[in-house]
file work02.txt (compact mmCIF, C-alpha atoms)
# COMPACT_ATOMS: atom_id res chain seq x y z
CA MET A 99 8.82 22.05 -51.64
CA ALA A 100 9.97 18.70 -52.90
CA ALA A 101 13.54 19.90 -52.88
CA ARG A 102 13.28 20.98 -49.25
CA ARG A 103 11.78 17.69 -48.12
CA VAL A 104 14.57 15.65 -49.58
CA ARG A 105 17.20 17.73 -47.90
CA ILE A 106 16.01 17.16 -44.30
CA HIS A 107 17.73 14.07 -42.91
CA THR A 108 17.57 13.84 -39.13
CA ASP A 109 19.75 11.18 -37.57
CA MET A 110 17.31 9.30 -35.38
CA THR A 111 19.82 6.95 -33.78
CA PRO A 112 20.27 8.90 -30.49
CA LEU A 113 16.52 9.24 -30.19
CA VAL A 114 16.09 5.50 -30.61
CA ASP A 115 18.88 4.89 -28.11
CA ILE A 116 17.15 6.98 -25.46
CA ALA A 117 13.73 5.53 -26.25
CA PHE A 118 14.98 1.98 -25.84
CA LEU A 119 16.94 2.84 -22.74
CA LEU A 120 13.77 4.18 -21.10
CA LEU A 121 11.77 1.30 -22.49
CA ILE A 122 14.10 -1.27 -20.94
CA PHE A 123 14.10 0.65 -17.66
CA PHE A 124 10.34 0.71 -17.42
CA MET A 125 10.00 -2.89 -18.59
CA SER A 126 12.36 -4.13 -15.92
CA THR A 127 10.98 -2.01 -13.08
CA THR A 128 7.34 -2.60 -13.89
CA GLN A 129 5.31 -4.47 -11.33
CA PHE A 130 1.80 -4.97 -12.37
CA LYS A 131 -0.78 -4.06 -9.81
CA PRO A 132 -1.39 -7.21 -7.81
CA PRO A 133 -4.72 -8.76 -8.67
CA GLU A 134 -7.44 -8.14 -6.15
CA ALA A 135 -10.19 -10.51 -5.10
CA VAL A 136 -12.43 -7.58 -4.34
CA ALA A 137 -11.61 -3.93 -4.85
CA VAL A 138 -11.27 -1.99 -1.60
CA ASP A 139 -10.22 1.57 -0.76
CA LEU A 140 -7.46 1.23 1.80
CA PRO A 141 -7.17 3.59 4.74
CA ALA A 142 -4.03 5.72 4.92
CA SER A 143 -1.36 5.52 7.58
CA THR A 144 2.21 6.69 8.02
CA SER A 145 3.40 3.12 8.54
CA GLU A 146 6.07 2.07 6.04
CA ILE A 147 6.26 -1.67 6.56
CA HIS A 148 6.02 -3.57 3.29
CA VAL A 149 3.57 -6.41 2.88
CA PRO A 150 5.37 -9.62 1.88
CA GLU A 151 4.66 -10.58 -1.71
CA THR A 152 4.19 -14.28 -1.09
CA GLY A 153 3.17 -16.43 1.81
CA THR A 154 0.19 -14.38 2.86
CA ILE A 155 -3.40 -15.06 3.84
CA ILE A 156 -5.46 -12.02 2.94
CA LEU A 157 -8.70 -11.23 4.74
CA THR A 158 -10.57 -8.69 2.65
CA ILE A 159 -13.44 -6.77 4.22
CA THR A 160 -15.50 -4.69 1.83
CA ARG A 161 -17.33 -1.46 2.48
CA ALA A 162 -20.54 -3.43 2.94
CA GLY A 163 -18.88 -5.65 5.54
CA GLU A 164 -18.55 -8.83 3.43
CA ILE A 165 -15.52 -10.96 4.29
CA PHE A 166 -13.31 -12.79 1.76
CA LEU A 167 -10.40 -15.07 2.45
CA SER A 168 -7.66 -15.60 -0.14
CA THR A 169 -3.93 -15.99 -0.56
CA GLU A 170 -1.89 -13.60 -2.68
CA ARG A 171 -2.83 -15.76 -5.70
CA VAL A 172 -6.37 -14.40 -5.32
CA LEU A 173 -7.91 -17.02 -7.59
CA ASP A 174 -8.75 -19.03 -4.49
CA ALA A 175 -10.80 -16.19 -2.94
CA GLN A 176 -13.67 -17.48 -0.88
CA ALA A 177 -16.55 -15.53 0.65
CA VAL A 178 -16.97 -16.25 4.36
CA LEU A 179 -19.90 -15.53 6.62
CA PRO A 180 -18.99 -13.87 9.93
CA SER A 181 -20.32 -16.94 11.78
CA ASP A 182 -17.96 -19.25 9.81
CA LEU A 183 -14.96 -16.99 10.11
CA MET A 184 -13.44 -18.77 13.07
CA ASN A 185 -13.49 -22.18 11.34
CA ALA A 186 -12.30 -20.69 8.05
CA ILE A 187 -9.32 -18.98 9.66
CA VAL A 188 -8.32 -22.14 11.50
CA THR A 189 -8.60 -24.16 8.25
CA TRP A 190 -6.59 -21.68 6.22
CA ARG A 191 -3.94 -21.34 8.92
CA GLY A 192 -3.67 -25.13 8.83
CA MET A 193 -3.24 -25.10 5.03
CA TYR A 194 -0.62 -22.32 5.12
CA PRO A 195 1.01 -22.56 8.54
CA ASP A 196 3.81 -20.08 7.77
CA ALA A 197 1.65 -17.48 6.09
CA VAL A 198 1.39 -13.93 7.38
CA VAL A 199 -2.19 -12.85 7.96
CA ILE A 200 -3.07 -9.54 6.34
CA VAL A 201 -6.31 -7.74 7.04
CA LYS A 202 -7.30 -5.63 4.10
CA GLY A 203 -10.27 -3.58 5.20
CA ASP A 204 -12.07 -0.91 3.24
CA ARG A 205 -11.69 2.46 4.91
CA ASP A 206 -15.46 2.84 4.98
CA ALA A 207 -16.16 -0.61 6.44
CA PRO A 208 -18.02 -0.44 9.76
CA PHE A 209 -15.66 -0.60 12.72
CA GLY A 210 -17.88 -3.19 14.41
CA ILE A 211 -17.18 -5.79 11.71
CA MET A 212 -13.46 -5.04 11.81
CA ALA A 213 -13.46 -5.38 15.61
CA ASP A 214 -15.22 -8.75 15.31
CA VAL A 215 -12.71 -9.93 12.70
CA MET A 216 -9.77 -8.90 14.87
CA ASP A 217 -11.29 -10.56 17.94
CA THR A 218 -11.87 -13.73 15.93
CA LEU A 219 -8.25 -13.67 14.75
CA ALA A 220 -7.07 -13.33 18.33
CA GLU A 221 -9.29 -16.23 19.38
CA ALA A 222 -7.87 -18.31 16.53
CA LYS A 223 -4.42 -17.71 18.10
CA THR A 224 -3.39 -15.31 15.36
CA LEU A 225 -2.20 -12.54 17.62
CA ARG A 226 0.14 -10.98 15.08
CA PHE A 227 -1.29 -9.69 11.86
CA ASN A 228 -0.93 -6.77 9.51
CA LEU A 229 -3.44 -4.15 8.51
CA MET A 230 -2.90 -3.20 4.89
CA THR A 231 -2.76 0.57 4.38
CA ASP A 232 -1.82 3.18 1.83
CA LEU A 233 0.98 5.60 2.56
CA LYS A 234 -0.04 8.94 3.99
CA GLU A 235 2.31 11.90 4.08
CA ARG A 236 3.45 12.69 7.60
CA ARG A 237 1.80 15.78 8.96
CA PRO A 238 4.22 18.67 9.33
CA GLY A 239 5.21 18.97 12.97
CA ALA A 240 4.49 15.36 13.77
CA GLY A 241 8.01 14.33 12.78
CA ALA A 242 9.71 17.17 14.67
CA ARG A 243 9.40 15.39 17.99
CA ASP A 244 11.10 12.29 16.65
CA GLU A 245 14.45 14.06 16.38
CA MET B 31 35.11 -24.11 -60.01
CA ALA B 32 36.29 -20.96 -61.59
CA ASP B 33 32.88 -19.29 -61.57
CA THR B 34 32.61 -19.34 -57.76
CA GLN B 35 35.79 -17.33 -57.46
CA PRO B 36 35.34 -13.60 -57.09
CA ALA B 37 35.85 -11.88 -60.38
CA GLN B 38 39.36 -10.61 -60.61
CA PRO B 39 39.61 -7.07 -61.67
CA ASP B 40 41.35 -6.87 -64.98
CA ARG B 41 43.20 -3.80 -63.82
CA PRO B 42 45.49 -3.57 -60.81
CA ILE B 43 43.78 -2.35 -57.63
CA MET B 44 44.65 1.19 -56.90
CA GLU B 45 45.69 1.80 -53.35
CA ASP B 46 42.84 4.10 -52.39
CA GLU B 47 40.16 2.42 -54.42
CA HIS B 48 38.32 1.31 -51.23
CA ALA B 49 38.19 4.87 -50.02
CA LEU B 50 36.36 5.68 -53.20
CA ILE B 51 33.86 2.81 -52.98
CA ARG B 52 32.89 2.99 -49.30
CA PRO B 53 30.84 6.18 -49.12
CA LYS B 54 28.76 4.98 -52.03
CA ARG B 55 27.83 1.71 -50.31
CA ARG B 56 26.95 3.40 -47.00
CA ALA B 57 24.54 5.76 -48.67
CA GLY B 58 22.65 2.80 -50.13
CA SER B 59 21.95 1.08 -46.79
CA ARG B 60 19.99 3.86 -45.12
CA VAL B 61 17.07 2.40 -43.11
CA ASP B 62 13.99 4.38 -42.25
CA LEU B 63 13.89 4.22 -38.46
CA THR B 64 10.54 5.96 -38.01
CA PRO B 65 8.39 2.82 -37.50
CA LEU B 66 10.93 1.49 -35.02
CA VAL B 67 10.76 4.72 -33.06
CA ASP B 68 6.96 4.62 -33.22
CA VAL B 69 6.83 1.14 -31.72
CA ALA B 70 9.46 1.93 -29.12
CA PHE B 71 7.57 4.98 -27.92
CA LEU B 72 4.29 3.13 -27.94
CA LEU B 73 5.73 0.48 -25.62
CA LEU B 74 7.49 3.13 -23.58
CA ILE B 75 4.23 4.98 -22.97
CA PHE B 76 2.46 1.70 -22.14
CA PHE B 77 5.02 0.75 -19.49
CA MET B 78 5.17 4.26 -18.06
CA VAL B 79 1.41 4.32 -17.64
CA THR B 80 1.08 0.85 -16.14
CA THR B 81 4.08 1.06 -13.81
CA VAL B 82 3.24 0.99 -10.11
CA PHE B 83 6.15 2.06 -7.98
CA ARG B 84 4.33 1.67 -4.71
CA ARG B 85 3.90 -1.67 -3.04
CA PRO B 86 1.16 -2.08 -0.48
CA LEU B 87 2.14 -1.14 3.04
CA ALA B 88 0.93 -2.45 6.33
CA MET B 89 0.58 -1.67 9.99
CA GLU B 90 1.65 -4.37 12.40
CA VAL B 91 -0.77 -5.34 15.12
CA ASN B 92 0.01 -7.46 18.15
CA MET B 93 -3.11 -8.51 19.95
CA PRO B 94 -3.06 -9.54 23.60
CA GLU B 95 -4.05 -13.10 24.49
CA PRO B 96 -7.82 -13.22 24.67
CA GLY B 97 -8.98 -13.13 28.26
CA ALA B 98 -5.79 -11.55 29.58
CA THR B 99 -6.62 -8.82 32.07
CA VAL B 100 -4.46 -6.11 33.57
CA GLU B 101 -5.50 -4.08 36.59
CA VAL B 102 -4.78 -0.40 36.09
CA PRO B 103 -5.58 2.43 38.51
CA ALA B 104 -8.17 4.81 37.10
CA SER B 105 -5.80 7.74 37.42
CA ASN B 106 -3.48 6.16 34.84
CA VAL B 107 -6.20 5.78 32.26
CA MET B 108 -7.29 8.16 29.57
CA THR B 109 -10.31 7.04 27.56
CA VAL B 110 -10.79 8.31 24.03
CA LEU B 111 -14.22 7.72 22.54
CA VAL B 112 -15.23 8.01 18.91
CA ASP B 113 -18.95 8.17 18.22
CA ARG B 114 -21.01 7.15 15.20
CA ASP B 115 -20.35 10.45 13.39
CA GLU B 116 -16.65 10.23 14.26
CA ASP B 117 -16.79 13.09 16.73
CA MET B 118 -14.36 12.51 19.53
CA PHE B 119 -14.43 12.83 23.28
CA TYR B 120 -11.90 12.05 25.96
CA ARG B 121 -12.04 11.41 29.66
CA GLN B 122 -9.23 11.49 32.18
CA GLY B 123 -9.70 8.67 34.66
CA ASP B 124 -13.28 8.85 35.91
CA GLY B 125 -13.65 12.52 34.94
CA ALA B 126 -16.21 14.14 32.70
CA LEU B 127 -16.30 13.74 28.93
CA ARG B 128 -14.68 16.55 26.99
CA PRO B 129 -14.85 16.96 23.22
CA VAL B 130 -11.60 16.84 21.26
CA ARG B 131 -10.89 17.32 17.55
CA TRP B 132 -8.75 14.96 15.45
CA GLU B 133 -6.08 17.65 14.97
CA GLU B 134 -5.74 18.10 18.75
CA LEU B 135 -5.42 14.39 19.46
CA ASP B 136 -1.67 14.26 18.91
CA ASP B 137 -1.04 17.10 21.38
CA LEU B 138 -3.45 15.54 23.86
CA PHE B 139 -1.50 12.27 23.88
CA VAL B 140 1.86 14.00 24.18
CA ALA B 141 0.68 16.26 27.00
CA GLY B 142 -0.95 13.31 28.78
CA GLN B 143 2.22 11.26 28.55
CA GLU B 144 4.35 14.10 29.84
CA ALA B 145 2.04 14.56 32.81
CA ASN B 146 1.93 10.84 33.55
CA PRO B 147 4.51 8.50 31.96
CA ASP B 148 2.43 5.46 32.99
CA LEU B 149 -0.60 6.68 31.06
CA ILE B 150 -2.60 4.02 29.27
CA ILE B 151 -5.04 4.94 26.54
CA LEU B 152 -8.34 3.12 26.19
CA VAL B 153 -9.87 3.54 22.76
CA LYS B 154 -13.59 3.00 22.38
CA ILE B 155 -14.96 3.30 18.88
CA HIS B 156 -18.65 3.08 18.02
CA ARG B 157 -19.45 -0.02 15.99
CA GLU B 158 -21.02 2.09 13.25
CA ALA B 159 -18.04 4.40 12.89
CA ARG B 160 -15.79 3.76 9.91
CA TYR B 161 -12.76 1.46 10.10
CA GLU B 162 -10.64 4.40 8.92
CA SER B 163 -11.14 6.10 12.28
CA MET B 164 -9.47 3.14 13.98
CA VAL B 165 -6.49 3.23 11.62
CA GLU B 166 -6.27 7.00 12.05
CA MET B 167 -6.36 6.59 15.83
CA MET B 168 -3.68 3.89 15.85
CA ASP B 169 -1.53 5.99 13.56
CA THR B 170 -1.85 9.04 15.84
CA LEU B 171 -0.97 6.90 18.86
CA GLU B 172 2.03 5.54 17.00
CA GLU B 173 3.21 9.02 16.07
CA ALA B 174 2.87 10.15 19.68
CA HIS B 175 4.96 7.06 20.68
CA MET B 176 2.07 5.78 22.77
CA ASN B 177 2.60 2.06 22.55
CA ARG B 178 0.34 1.05 25.38
CA PHE B 179 -3.22 1.35 24.33
CA SER B 180 -6.20 -0.87 24.30
CA LEU B 181 -9.17 -1.17 21.99
CA VAL B 182 -12.18 -1.68 24.19
CA PRO B 183 -15.73 -2.43 23.07
CA MET B 184 -17.99 0.55 23.56
CA ARG B 185 -20.72 0.11 26.12
CA ALA B 186 -24.24 1.41 25.58
CA GLU B 187 -23.67 3.73 28.48
CA ASP B 188 -20.70 5.40 26.74
CA ALA B 189 -22.69 5.85 23.56
CA ARG B 190 -25.53 7.43 25.49
CA LEU B 191 -23.19 9.80 27.35
CA MET B 192 -21.72 10.97 24.07
CA GLU B 193 -25.08 11.58 22.52
CA GLU B 194 -26.11 13.69 25.46
CA GLY B 195 -22.96 15.68 24.95
CA PRO B 196 -20.51 16.78 27.60
call {"tool": "encode", "arguments": {"input": "work02.txt", "output": "structure tokens"}}
result
Amino acid sequence: MAARRVRIHTDMTPLVDIAFLLLIFFMSTTQFKPPEAVAVDLPASTSEIHVPETGTIILTITRAGEIFLSTERVLDAQAVLPSDLMNAIVTWRGMYPDAVVIVKGDRDAPFGIMADVMDTLAEAKTLRFNLMTDLKERRPGAGARDE
Amino acid sequence: MADTQPAQPDRPIMEDEHALIRPKRRAGSRVDLTPLVDVAFLLLIFFMVTTVFRRPLAMEVNMPEPGATVEVPASNVMTVLVDRDEDMFYRQGDGALRPVRWEELDDLFVAGQEANPDLIILVKIHREARYESMVEMMDTLEEAHMNRFSLVPMRAEDARLMEEGP
């Protein structure tokens, strides 16, 4: 047995080469999941517009209908009452005039709250905003008409 | 400084002496690579597991100016209503409510647009329905290339009509 053990010499260099190649690939492509102020389950849509990584004001609406305002840095997340939302949006838009407003609503949030938030945004002269979604596969047949 | 000089061989160097020495030296410098491979794979697995290839996506919304009103003839309007339990109904103009399923919605919009290119969709969603139904509705409208639609607050009357059923 001892004699057999000594004889086996595998050259590990190619294995190490491949391992490091993959390691470097994954290290360089890795993007850690962006931190979240509050965890929400996003609704799915077929939209494929990417959210900008910086310069955003994020309005998070949880399943229970609580509203949080933050930027992409998240540490500055602030809970807002629906009655204060108007003032808060105006203040934050003043602090970050070039920021894109992103509404990040939980898929199970009541529509009424979302409608109020969107109306408030429109009243605060933020007529363009983004609704953050997850990617949904296109239904078969739906794309056929596009051709 | 004679002792810092390399020792001179006392015999002449044979021409292929290096060929004799080299294999011996190489055999001595064998490194066990196993721990290196262990660490490399450990890191590899860590990065593979934590990698997120997807970035968050978004739907763009352009709201009309608050207070802006547009007069539209009733014949150009199709109203789609979503009730509390996310059952759906639609109404052509001032017609009667008819139930419609989510899967049929796409065809309904396409057929409606073919019949009347000026068709405008009014979407009324119950306040207690889930936000997902709005996103789903907007997505279906987008897929049917219906760019003119309006989210309208649901009146008590609409809610009552839906509860009574068509």
call {"tool": "closest_residue", "arguments": {"input": "work02.txt", "among": "B:Thr170, B:Thr99, B:Asn106, B:Thr81", "to": "Gly123 in chain B", "atoms": "all atoms listed in the file"}}
result
B:Asn106
call {"tool": "interface_residues", "arguments": {"input": "work02.txt", "of": "chain A", "to": "chain B", "cutoff": "7 Å", "atoms": "all atoms listed in the file", "output": "ChimeraX atom specification"}}
result
/A:110,114,117-118,120-121,124-125,128-131,141,143-149,205-210,212,220-221,225-233,240
call {"tool": "atom_distance", "arguments": {"input": "work02.txt", "atom1": "CA of Val130 in chain B", "atom2": "CA of Met118 in chain B"}}
result
5.4 Å
call {"tool": "residues_near_point", "arguments": {"input": "work02.txt", "point": "(-5.3, -22.3, 12.7)", "cutoff": "12 Å", "atoms": "all atoms listed in the file", "output": "PyMOL selection string"}}
result
chain A and resi 155+183-199+218-225
call {"tool": "atom_distance", "arguments": {"input": "work02.txt", "atom1": "CA of Arg121 in chain B", "atom2": "CA of Val107 in chain B"}}
result
8.5 Å
call {"tool": "residues_around", "arguments": {"input": "work02.txt", "residues": "Gly203 in chain A", "least_positions_apart": "5", "cutoff": "7 Å", "atoms": "only C-alpha atoms", "output": "MDAnalysis selection string"}}
result
chainID A and resid 140 158:160
call {"tool": "atom_distance", "arguments": {"input": "work02.txt", "atom1": "CA of Ser168 in chain A", "atom2": "CA of Ile156 in chain A"}}
result
5.2 Å
call {"tool": "closest_residue", "arguments": {"input": "work02.txt", "among": "B:Val153, B:Met176, B:Ala98, B:Ala145", "to": "Phe119 in chain B", "atoms": "only C-alpha atoms"}}
result
B:Val153
call {"tool": "build_atoms", "arguments": {"input": "work02.txt", "residues": "range 108-139 of chain B", "atoms": "N, CA and C atoms", "output": "PDB file, keeping the file's coordinate frame"}}
result
ATOM      1  N   MET B 108      -6.585   7.137  30.332  1.00  0.00           N
ATOM      2  CA  MET B 108      -7.290   8.160  29.570  1.00  0.00           C
ATOM      3  C   MET B 108      -8.139   7.415  28.536  1.00  0.00           C
ATOM      4  N   THR B 109      -9.428   7.718  28.502  1.00  0.00           N
ATOM      5  CA  THR B 109     -10.310   7.040  27.560  1.00  0.00           C
ATOM      6  C   THR B 109     -10.612   8.000  26.409  1.00  0.00           C
ATOM      7  N   VAL B 110     -10.437   7.504  25.203  1.00  0.00           N
ATOM      8  CA  VAL B 110     -10.790   8.310  24.030  1.00  0.00           C
ATOM      9  C   VAL B 110     -11.947   7.610  23.347  1.00  0.00           C
ATOM     10  N   LEU B 111     -13.016   8.326  23.118  1.00  0.00           N
ATOM     11  CA  LEU B 111     -14.220   7.720  22.540  1.00  0.00           C
ATOM     12  C   LEU B 111     -14.502   8.356  21.175  1.00  0.00           C
ATOM     13  N   VAL B 112     -14.868   7.525  20.233  1.00  0.00           N
ATOM     14  CA  VAL B 112     -15.230   8.010  18.910  1.00  0.00           C
ATOM     15  C   VAL B 112     -16.685   7.598  18.671  1.00  0.00           C
ATOM     16  N   ASP B 113     -17.554   8.547  18.380  1.00  0.00           N
ATOM     17  CA  ASP B 113     -18.950   8.170  18.220  1.00  0.00           C
ATOM     18  C   ASP B 113     -19.264   7.862  16.752  1.00  0.00           C
ATOM     19  N   ARG B 114     -20.531   7.562  16.517  1.00  0.00           N
ATOM     20  CA  ARG B 114     -21.010   7.150  15.200  1.00  0.00           C
ATOM     21  C   ARG B 114     -20.629   8.126  14.081  1.00  0.00           C
ATOM     22  N   ASP B 115     -20.670   9.429  14.405  1.00  0.00           N
ATOM     23  CA  ASP B 115     -20.350  10.450  13.390  1.00  0.00           C
ATOM     24  C   ASP B 115     -18.878  10.814  13.419  1.00  0.00           C
ATOM     25  N   GLU B 116     -18.083  10.015  14.131  1.00  0.00           N
ATOM     26  CA  GLU B 116     -16.650  10.230  14.260  1.00  0.00           C
ATOM     27  C   GLU B 116     -16.305  11.558  14.925  1.00  0.00           C
ATOM     28  N   ASP B 117     -17.171  12.006  15.827  1.00  0.00           N
ATOM     29  CA  ASP B 117     -16.790  13.090  16.730  1.00  0.00           C
ATOM     30  C   ASP B 117     -16.088  12.430  17.908  1.00  0.00           C
ATOM     31  N   MET B 118     -15.149  13.141  18.490  1.00  0.00           N
ATOM     32  CA  MET B 118     -14.360  12.510  19.530  1.00  0.00           C
ATOM     33  C   MET B 118     -14.483  13.187  20.875  1.00  0.00           C
ATOM     34  N   PHE B 119     -14.387  12.363  21.898  1.00  0.00           N
ATOM     35  CA  PHE B 119     -14.430  12.830  23.280  1.00  0.00           C
ATOM     36  C   PHE B 119     -13.312  12.126  24.027  1.00  0.00           C
ATOM     37  N   TYR B 120     -12.855  12.764  25.121  1.00  0.00           N
ATOM     38  CA  TYR B 120     -11.900  12.050  25.960  1.00  0.00           C
ATOM     39  C   TYR B 120     -12.259  12.262  27.416  1.00  0.00           C
ATOM     40  N   ARG B 121     -11.724  11.396  28.241  1.00  0.00           N
ATOM     41  CA  ARG B 121     -12.040  11.410  29.660  1.00  0.00           C
ATOM     42  C   ARG B 121     -10.787  10.988  30.402  1.00  0.00           C
ATOM     43  N   GLN B 122     -10.404  11.799  31.367  1.00  0.00           N
ATOM     44  CA  GLN B 122      -9.230  11.490  32.180  1.00  0.00           C
ATOM     45  C   GLN B 122      -9.713  10.706  33.389  1.00  0.00           C
ATOM     46  N   GLY B 123      -9.269   9.469  33.517  1.00  0.00           N
ATOM     47  CA  GLY B 123      -9.700   8.670  34.660  1.00  0.00           C
ATOM     48  C   GLY B 123     -11.215   8.534  34.680  1.00  0.00           C
ATOM     49  N   ASP B 124     -11.825   8.913  35.797  1.00  0.00           N
ATOM     50  CA  ASP B 124     -13.280   8.850  35.910  1.00  0.00           C
ATOM     51  C   ASP B 124     -13.924  10.210  35.647  1.00  0.00           C
ATOM     52  N   GLY B 125     -13.160  11.147  35.111  1.00  0.00           N
ATOM     53  CA  GLY B 125     -13.650  12.520  34.940  1.00  0.00           C
ATOM     54  C   GLY B 125     -14.762  12.632  33.925  1.00  0.00           C
ATOM     55  N   ALA B 126     -15.110  13.868  33.625  1.00  0.00           N
ATOM     56  CA  ALA B 126     -16.210  14.140  32.700  1.00  0.00           C
ATOM     57  C   ALA B 126     -15.700  14.050  31.253  1.00  0.00           C
ATOM     58  N   LEU B 127     -16.647  13.810  30.356  1.00  0.00           N
ATOM     59  CA  LEU B 127     -16.300  13.740  28.930  1.00  0.00           C
ATOM     60  C   LEU B 127     -16.015  15.134  28.407  1.00  0.00           C
ATOM     61  N   ARG B 128     -14.954  15.267  27.637  1.00  0.00           N
ATOM     62  CA  ARG B 128     -14.680  16.550  26.990  1.00  0.00           C
ATOM     63  C   ARG B 128     -14.495  16.288  25.503  1.00  0.00           C
ATOM     64  N   PRO B 129     -15.032  17.170  24.658  1.00  0.00           N
ATOM     65  CA  PRO B 129     -14.850  16.960  23.220  1.00  0.00           C
ATOM     66  C   PRO B 129     -13.412  17.268  22.814  1.00  0.00           C
ATOM     67  N   VAL B 130     -12.958  16.591  21.778  1.00  0.00           N
ATOM     68  CA  VAL B 130     -11.600  16.840  21.260  1.00  0.00           C
ATOM     69  C   VAL B 130     -11.663  16.646  19.741  1.00  0.00           C
ATOM     70  N   ARG B 131     -10.903  17.462  19.007  1.00  0.00           N
ATOM     71  CA  ARG B 131     -10.890  17.320  17.550  1.00  0.00           C
ATOM     72  C   ARG B 131      -9.712  16.449  17.135  1.00  0.00           C
ATOM     73  N   TRP B 132      -9.796  15.867  15.927  1.00  0.00           N
ATOM     74  CA  TRP B 132      -8.750  14.960  15.450  1.00  0.00           C
ATOM     75  C   TRP B 132      -7.397  15.656  15.444  1.00  0.00           C
ATOM     76  N   GLU B 133      -7.371  16.942  15.095  1.00  0.00           N
ATOM     77  CA  GLU B 133      -6.080  17.650  14.970  1.00  0.00           C
ATOM     78  C   GLU B 133      -5.440  17.837  16.350  1.00  0.00           C
ATOM     79  N   GLU B 134      -6.284  17.853  17.410  1.00  0.00           N
ATOM     80  CA  GLU B 134      -5.740  18.100  18.750  1.00  0.00           C
ATOM     81  C   GLU B 134      -5.293  16.818  19.426  1.00  0.00           C
ATOM     82  N   LEU B 135      -5.634  15.682  18.815  1.00  0.00           N
ATOM     83  CA  LEU B 135      -5.420  14.390  19.460  1.00  0.00           C
ATOM     84  C   LEU B 135      -3.942  14.145  19.762  1.00  0.00           C
ATOM     85  N   ASP B 136      -3.096  14.468  18.782  1.00  0.00           N
ATOM     86  CA  ASP B 136      -1.670  14.260  18.910  1.00  0.00           C
ATOM     87  C   ASP B 136      -1.116  14.998  20.136  1.00  0.00           C
ATOM     88  N   ASP B 137      -1.508  16.286  20.252  1.00  0.00           N
ATOM     89  CA  ASP B 137      -1.040  17.100  21.380  1.00  0.00           C
ATOM     90  C   ASP B 137      -1.581  16.569  22.696  1.00  0.00           C
ATOM     91  N   LEU B 138      -2.823  16.082  22.653  1.00  0.00           N
ATOM     92  CA  LEU B 138      -3.450  15.540  23.860  1.00  0.00           C
ATOM     93  C   LEU B 138      -2.649  14.350  24.399  1.00  0.00           C
ATOM     94  N   PHE B 139      -2.259  13.454  23.471  1.00  0.00           N
ATOM     95  CA  PHE B 139      -1.500  12.270  23.880  1.00  0.00           C
ATOM     96  C   PHE B 139      -0.132  12.667  24.428  1.00  0.00           C
TER      97      PHE B 139
END
